[in-house]
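**Student:** What follows is the file input-v7.cif, containing mmCIF, C-alpha atoms:
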```cif
data_query
loop_
_atom_site.group_PDB
_atom_site.id
_atom_site.type_symbol
_atom_site.label_atom_id
_atom_site.label_comp_id
_atom_site.auth_asym_id
_atom_site.auth_seq_id
_atom_site.Cartn_x
_atom_site.Cartn_y
_atom_site.Cartn_z
ATOM 1 C CA MET A 1 99.279 76.175 110.689
ATOM 2 C CA GLY A 2 102.920 76.829 111.468
ATOM 3 C CA ALA A 3 102.479 80.577 111.956
ATOM 4 C CA GLY A 4 103.444 80.312 115.614
ATOM 5 C CA LYS A 5 100.026 80.841 117.181
ATOM 6 C CA SER A 6 100.718 78.692 120.244
ATOM 7 C CA TYR A 7 104.267 79.933 120.781
ATOM 8 C CA ILE A 8 103.458 83.610 120.308
ATOM 9 C CA GLY A 9 100.077 83.357 122.051
ATOM 10 C CA SER A 10 101.575 81.799 125.176
ATOM 11 C CA ARG A 11 104.300 84.485 125.363
ATOM 12 C CA LEU A 12 101.780 87.261 124.797
ATOM 13 C CA ALA A 13 99.446 85.824 127.471
ATOM 14 C CA GLU A 14 102.383 85.707 129.877
ATOM 15 C CA SER A 15 103.150 89.378 129.138
ATOM 16 C CA PHE A 16 99.542 90.315 129.922
ATOM 17 C CA LYS A 17 99.340 87.952 132.917
ATOM 18 C CA MET A 18 96.352 86.080 131.558
ATOM 19 C CA PRO A 19 95.647 82.384 131.028
ATOM 20 C CA PHE A 20 96.570 80.809 127.689
ATOM 21 C CA SER A 21 94.922 77.867 125.944
ATOM 22 C CA ASP A 22 95.674 76.104 122.683
ATOM 23 C CA LEU A 23 92.245 75.125 121.360
ATOM 24 C CA ASP A 24 93.546 71.905 119.790
ATOM 25 C CA ALA A 25 95.060 70.842 123.139
ATOM 26 C CA VAL A 26 91.767 71.626 124.896
ATOM 27 C CA ILE A 27 89.903 69.462 122.378
ATOM 28 C CA GLU A 28 92.409 66.617 122.733
ATOM 29 C CA ALA A 29 92.092 66.693 126.526
ATOM 30 C CA GLY A 30 88.310 66.868 126.427
ATOM 31 C CA GLU A 31 87.894 64.113 123.857
ATOM 32 C CA GLU A 32 90.819 62.029 125.123
ATOM 33 C CA LYS A 33 91.994 61.618 121.523
ATOM 34 C CA SER A 34 94.556 63.332 119.342
ATOM 35 C CA ILE A 35 93.362 65.688 116.618
ATOM 36 C CA ALA A 36 94.761 63.224 114.065
ATOM 37 C CA ASP A 37 92.703 60.393 115.608
ATOM 38 C CA ILE A 38 89.556 62.524 115.613
ATOM 39 C CA PHE A 39 90.085 63.310 111.917
ATOM 40 C CA ASP A 40 90.777 59.641 111.112
ATOM 41 C CA GLU A 41 87.845 58.220 113.080
ATOM 42 C CA PHE A 42 85.158 60.829 112.526
ATOM 43 C CA GLY A 43 86.263 63.144 109.703
ATOM 44 C CA GLU A 44 86.788 66.864 109.389
ATOM 45 C CA ALA A 45 83.122 67.866 109.780
ATOM 46 C CA HIS A 46 82.960 66.228 113.202
ATOM 47 C CA PHE A 47 86.228 67.869 114.259
ATOM 48 C CA ARG A 48 84.994 71.306 113.143
ATOM 49 C CA ALA A 49 81.818 70.872 115.212
ATOM 50 C CA LEU A 50 83.924 69.948 118.257
ATOM 51 C CA GLU A 51 86.190 72.911 117.600
ATOM 52 C CA ARG A 52 83.197 75.283 117.624
ATOM 53 C CA LYS A 53 81.768 73.713 120.787
ATOM 54 C CA TYR A 54 85.033 74.010 122.713
ATOM 55 C CA LEU A 55 85.674 77.549 121.451
ATOM 56 C CA HIS A 56 82.246 78.694 122.591
ATOM 57 C CA ASN A 57 82.796 77.048 126.005
ATOM 58 C CA PHE A 58 85.413 79.628 126.991
ATOM 59 C CA SER A 59 84.157 81.978 129.679
ATOM 60 C CA LEU A 60 83.330 85.402 128.354
ATOM 61 C CA SER A 61 83.702 86.959 131.791
ATOM 62 C CA GLU A 62 87.479 86.555 132.100
ATOM 63 C CA ARG A 63 90.375 87.625 129.898
ATOM 64 C CA HIS A 64 91.943 84.660 128.152
ATOM 65 C CA MET A 65 94.389 84.196 125.267
ATOM 66 C CA ILE A 66 93.361 81.382 122.899
ATOM 67 C CA ALA A 67 95.323 79.988 119.955
ATOM 68 C CA THR A 68 92.962 78.354 117.502
ATOM 69 C CA GLY A 69 93.821 75.987 114.705
ATOM 70 C CA GLY A 70 94.208 77.576 111.281
ATOM 71 C CA GLY A 71 90.793 76.375 110.116
ATOM 72 C CA ALA A 72 88.799 77.487 113.160
ATOM 73 C CA PRO A 73 88.001 81.017 111.905
ATOM 74 C CA CYS A 74 86.663 79.606 108.633
ATOM 75 C CA PHE A 75 83.831 77.423 109.903
ATOM 76 C CA PHE A 76 80.410 78.185 111.321
ATOM 77 C CA ASP A 77 80.294 81.620 112.948
ATOM 78 C CA ASN A 78 83.660 81.231 114.656
ATOM 79 C CA MET A 79 85.354 84.372 113.301
ATOM 80 C CA ASP A 80 82.334 86.564 113.984
ATOM 81 C CA TRP A 81 82.044 85.050 117.479
ATOM 82 C CA MET A 82 85.726 85.652 118.227
ATOM 83 C CA ASN A 83 85.551 89.248 116.961
ATOM 84 C CA ARG A 84 82.437 89.948 119.047
ATOM 85 C CA HIS A 85 83.990 88.526 122.205
ATOM 86 C CA GLY A 86 87.620 89.543 121.976
ATOM 87 C CA VAL A 87 90.555 90.819 119.977
ATOM 88 C CA THR A 88 91.587 88.551 117.109
ATOM 89 C CA ILE A 89 95.110 88.408 115.722
ATOM 90 C CA TYR A 90 96.158 87.124 112.287
ATOM 91 C CA LEU A 91 99.811 86.138 112.046
ATOM 92 C CA LYS A 92 100.127 86.695 108.296
ATOM 93 C CA THR A 93 103.077 84.522 107.312
ATOM 94 C CA LYS A 94 104.718 84.045 103.919
ATOM 95 C CA PRO A 95 103.895 80.610 102.416
ATOM 96 C CA GLU A 96 107.592 79.805 101.968
ATOM 97 C CA LEU A 97 108.244 80.430 105.659
ATOM 98 C CA LEU A 98 105.282 78.242 106.631
ATOM 99 C CA ALA A 99 106.524 75.436 104.364
ATOM 100 C CA GLN A 100 109.981 75.653 105.937
ATOM 101 C CA ARG A 101 108.482 75.392 109.434
ATOM 102 C CA LEU A 102 106.000 72.621 108.591
ATOM 103 C CA TYR A 103 108.274 70.367 106.557
ATOM 104 C CA ALA A 104 109.650 68.422 109.538
ATOM 105 C CA GLU A 105 106.335 68.021 111.319
ATOM 106 C CA LYS A 106 103.908 67.368 108.496
ATOM 107 C CA ASN A 107 103.335 63.760 109.577
ATOM 108 C CA HIS A 108 101.823 65.087 112.828
ATOM 109 C CA ARG A 109 99.338 67.350 111.074
ATOM 110 C CA PRO A 110 96.200 65.681 109.686
ATOM 111 C CA LEU A 111 95.777 68.031 106.725
ATOM 112 C CA LEU A 112 99.434 67.648 105.674
ATOM 113 C CA ALA A 113 100.249 64.027 106.458
ATOM 114 C CA GLN A 114 99.371 62.687 102.999
ATOM 115 C CA LEU A 115 101.201 65.375 101.020
ATOM 116 C CA ASP A 116 104.537 64.748 99.394
ATOM 117 C CA ASP A 117 107.171 67.394 99.963
ATOM 118 C CA GLN A 118 106.654 69.013 96.551
ATOM 119 C CA SER A 119 102.938 69.507 97.207
ATOM 120 C CA LEU A 120 103.387 71.170 100.595
ATOM 121 C CA LEU A 121 104.029 74.724 99.352
ATOM 122 C CA ALA A 122 101.165 74.539 96.845
ATOM 123 C CA PHE A 123 98.834 73.264 99.562
ATOM 124 C CA ILE A 124 99.841 76.115 101.892
ATOM 125 C CA ARG A 125 99.273 78.722 99.180
ATOM 126 C CA ASP A 126 95.849 77.229 98.385
ATOM 127 C CA LYS A 127 94.833 77.185 102.069
ATOM 128 C CA ILE A 128 95.901 80.798 102.578
ATOM 129 C CA GLU A 129 93.963 81.886 99.502
ATOM 130 C CA GLU A 130 90.921 79.876 100.610
ATOM 131 C CA ARG A 131 91.002 81.166 104.183
ATOM 132 C CA SER A 132 92.261 84.737 103.765
ATOM 133 C CA GLU A 133 88.763 86.254 103.602
ATOM 134 C CA PHE A 134 88.253 85.047 107.181
ATOM 135 C CA TYR A 135 91.770 85.801 108.417
ATOM 136 C CA GLU A 136 91.639 89.348 107.054
ATOM 137 C CA GLN A 137 88.684 90.060 109.384
ATOM 138 C CA ALA A 138 91.033 89.924 112.382
ATOM 139 C CA SER A 139 91.309 92.945 114.674
ATOM 140 C CA VAL A 140 95.115 92.956 114.346
ATOM 141 C CA ILE A 141 97.162 91.726 111.385
ATOM 142 C CA VAL A 142 100.906 91.260 111.821
ATOM 143 C CA GLU A 143 103.053 90.176 108.882
ATOM 144 C CA GLN A 144 105.857 87.656 109.383
ATOM 145 C CA ASN A 145 108.433 87.486 106.639
ATOM 146 C CA THR A 146 111.348 85.860 108.475
ATOM 147 C CA ASN A 147 111.942 83.687 111.537
ATOM 148 C CA ASP A 148 113.943 86.366 113.321
ATOM 149 C CA GLU A 149 111.293 89.093 113.587
ATOM 150 C CA ASN A 150 110.210 90.188 117.064
ATOM 151 C CA ILE A 151 106.505 89.495 116.541
ATOM 152 C CA ILE A 152 105.725 89.322 120.257
ATOM 153 C CA GLU A 153 106.913 92.891 120.860
ATOM 154 C CA ASP A 154 104.962 94.149 117.833
ATOM 155 C CA LEU A 155 101.838 92.343 118.995
ATOM 156 C CA PHE A 156 102.229 93.633 122.535
ATOM 157 C CA LYS A 157 102.251 97.206 121.201
ATOM 158 C CA ASN A 158 99.251 96.625 118.902
ATOM 159 C CA PHE A 159 97.276 94.678 121.487
ATOM 160 C CA SER A 160 97.918 97.324 124.135
ATOM 161 C CA SER A 161 96.722 100.116 121.860
ATOM 162 C CA ILE A 162 93.509 98.231 121.022
ATOM 163 C CA THR A 163 92.635 97.025 124.519
ATOM 164 C CA GLY A 164 94.038 99.929 126.512
ATOM 165 C CA HIS A 165 96.026 97.532 128.744
#
```
Give the structure from the file, written as structure tokens.
**Tutor:**
Amino acid sequence: MGAGKSYIGSRLAESFKMPFSDLDAVIEAGEEKSIADIFDEFGEAHFRALERKYLHNFSLSERHMIATGGGAPCFFDNMDWMNRHGVTIYLKTKPELLAQRLYAEKNHRPLLAQLDDQSLLAFIRDKIEERSEFYEQASVIVEQNTNDENIIEDLFKNFSSITGH
């Protein structure tokens, strides 16, 4: 959350001339509800099941860049499935940088909406610690320490060396 998956993913997909999808946007369109509404009405378990269903609906026969939500790799067999069917990328971002990015938009994020500002950094650190065993299984890991790094260029080089394209 806040690592720049959608922004960087869309730019990287454009560089490789492939379609891009944000999994959360696909779910919202398919369910005709916002992610926040799905969480509120049905809970996290229901959302995670939808997330898996929509992820697995992507065609395996065509190249496609997909930005998943931060929790997607951590539930069911999602990370294994993604690694078997494509190249996964972990945008490893410092907690302080994530907190800076998420501060203004926390009311639009279901897992952050109820946190006061002082709890945000602690929550981010806890989530990273909880999820890192899944994230660290990614094919490519790129560290982000500041907002001004050229992550897209670095990813393009890494992705090209892995895929041969």
**Student:** CA of His85 (chain A) to CA of Ile66 (chain A): how many Å, to one decimal?
**Tutor:**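 Computed distance, CA of His85 (chain A) to CA of Ile66 (chain A), equals 11.8 Å.
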**Student:** Evaluate the PyMOL selection byres ((chain A and resi 81) around 12) and record the selected residues as a list in words, following the chain and residue labels used in the document.
**Tutor:**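 For this structure, the PyMOL selection byres ((chain A and resi 81) around 12) captures Arg52, Lys53, Leu55, His56, Asn57, Phe58, Leu60, Ala72, Pro73, Cys74, Phe75, Phe76, Asp77, Asn78, Met79, Asp80, Met82, Asn83, Arg84, His85, Gly86, Val87, Thr88, Gln137 and Ala138 of chain A.
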**Student:** Could you tell me, as a list in words, exactly which residues end up selected when the PyMOL selection byres ((chain A and resi 13) around 12) is applied to this structure?
**Tutor:**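 Residues picked by the PyMOL selection byres ((chain A and resi 13) around 12): Lys5, Ser6, Tyr7, Ile8, Gly9, Ser10, Arg11, Leu12, Glu14, Ser15, Phe16, Lys17, Met18, Pro19, Phe20, Ser21, Asp22, Arg63, His64, Met65, Ile66, Ala67, Ile152, Leu155, Phe156 and Phe159 of chain A.
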**Student:** Just the selected residues (C-alpha atoms), exported as a PDB file, keeping the file's coordinate frame, please.
**Tutor:**
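Generated file (part20.pdb):
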```pdb
ATOM      1  CA  LYS A   5     100.026  80.841 117.181  1.00  0.00           C
ATOM      2  CA  SER A   6     100.718  78.692 120.244  1.00  0.00           C
ATOM      3  CA  TYR A   7     104.267  79.933 120.781  1.00  0.00           C
ATOM      4  CA  ILE A   8     103.458  83.610 120.308  1.00  0.00           C
ATOM      5  CA  GLY A   9     100.077  83.357 122.051  1.00  0.00           C
ATOM      6  CA  SER A  10     101.575  81.799 125.176  1.00  0.00           C
ATOM      7  CA  ARG A  11     104.300  84.485 125.363  1.00  0.00           C
ATOM      8  CA  LEU A  12     101.780  87.261 124.797  1.00  0.00           C
ATOM      9  CA  GLU A  14     102.383  85.707 129.877  1.00  0.00           C
ATOM     10  CA  SER A  15     103.150  89.378 129.138  1.00  0.00           C
ATOM     11  CA  PHE A  16      99.542  90.315 129.922  1.00  0.00           C
ATOM     12  CA  LYS A  17      99.340  87.952 132.917  1.00  0.00           C
ATOM     13  CA  MET A  18      96.352  86.080 131.558  1.00  0.00           C
ATOM     14  CA  PRO A  19      95.647  82.384 131.028  1.00  0.00           C
ATOM     15  CA  PHE A  20      96.570  80.809 127.689  1.00  0.00           C
ATOM     16  CA  SER A  21      94.922  77.867 125.944  1.00  0.00           C
ATOM     17  CA  ASP A  22      95.674  76.104 122.683  1.00  0.00           C
ATOM     18  CA  ARG A  63      90.375  87.625 129.898  1.00  0.00           C
ATOM     19  CA  HIS A  64      91.943  84.660 128.152  1.00  0.00           C
ATOM     20  CA  MET A  65      94.389  84.196 125.267  1.00  0.00           C
ATOM     21  CA  ILE A  66      93.361  81.382 122.899  1.00  0.00           C
ATOM     22  CA  ALA A  67      95.323  79.988 119.955  1.00  0.00           C
ATOM     23  CA  ILE A 152     105.725  89.322 120.257  1.00  0.00           C
ATOM     24  CA  LEU A 155     101.838  92.343 118.995  1.00  0.00           C
ATOM     25  CA  PHE A 156     102.229  93.633 122.535  1.00  0.00           C
ATOM     26  CA  PHE A 159      97.276  94.678 121.487  1.00  0.00           C
TER      27      PHE A 159
END
```
**Student:** Kindly list the centre and edge lengths in Å, rounded to one decimal, for the axis-aligned box that covers all listed atoms of region 64-72 of chain A plus 8 Å on each of its six sides, as lines of an AutoDock Vina configuration file.
**Tutor:**
```
center_x = 92.1
center_y = 80.3
center_z = 119.1
size_x = 22.5
size_y = 24.7
size_z = 34.0
```
**Student:** Which one is closest to Asp117 (chain A): A:Gly2, A:Glu129, A:Ala99, A:Ser34? Count all atoms listed in the file.
**Tutor:** A:Ala99
**Student:** Could you pull the residues within 9 Å of Thr146 (chain A), counting all atoms listed in the file, minus those fewer than 2 positions along the same chain, as a VMD selection string?
**Tutor:** chain A and resid 93 to 94 97 144 148 to 149
**Student:** With C-alpha atoms retained, write the just-selected residues as a compact mmCIF listing (two decimals), keeping the file's coordinate frame.
**Tutor:**
```
# COMPACT_ATOMS: atom_id res chain seq x y z
CA THR A 93 103.08 84.52 107.31
CA LYS A 94 104.72 84.04 103.92
CA LEU A 97 108.24 80.43 105.66
CA GLN A 144 105.86 87.66 109.38
CA ASP A 148 113.94 86.37 113.32
CA GLU A 149 111.29 89.09 113.59
```
**Student:** I need the residue nearest Tyr54 (chain A) from this list: A:Arg125, A:Leu120, A:Glu153, A:Glu28. Use only C-alpha atoms for the distance.
**Tutor:**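 Ranked by minimum distance to Tyr54 (chain A), first place goes to A:Glu28.
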**Student:** Do you know which residues the PyMOL selection byres ((chain A and resi 47) around 12) returns on this file, as an MDAnalysis selection string?
**Tutor:** chainID A and resid 23:24 27:28 31 33:46 48:54 69 71:72 75 110
**Student:** Excluding same-chain residues fewer than 5 positions from Ile128 (chain A), what lies within 9 Å of it counting all atoms listed in the file, as JSON, numbers by chain?
**Tutor:** {"A": [95, 123, 135]}
**Student:** For Val142 (chain A), which residue among A:Ser119, A:Ser59, A:Leu98, A:Lys92 is the nearest when counting all atoms listed in the file?
**Tutor:** A:Lys92
**Student:** For the atom pair CA of Glu136 (chain A) and CA of Met1 (chain A), what is the interatomic distance in Å to one decimal place?
**Tutor:** 15.7 Å
**Student:** What gap, in Å, lies between CA of Gln100 (chain A) and CA of Asn147 (chain A)?
**Tutor:**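 Going from CA of Gln100 (chain A) over to CA of Asn147 (chain A) covers 10.0 Å.
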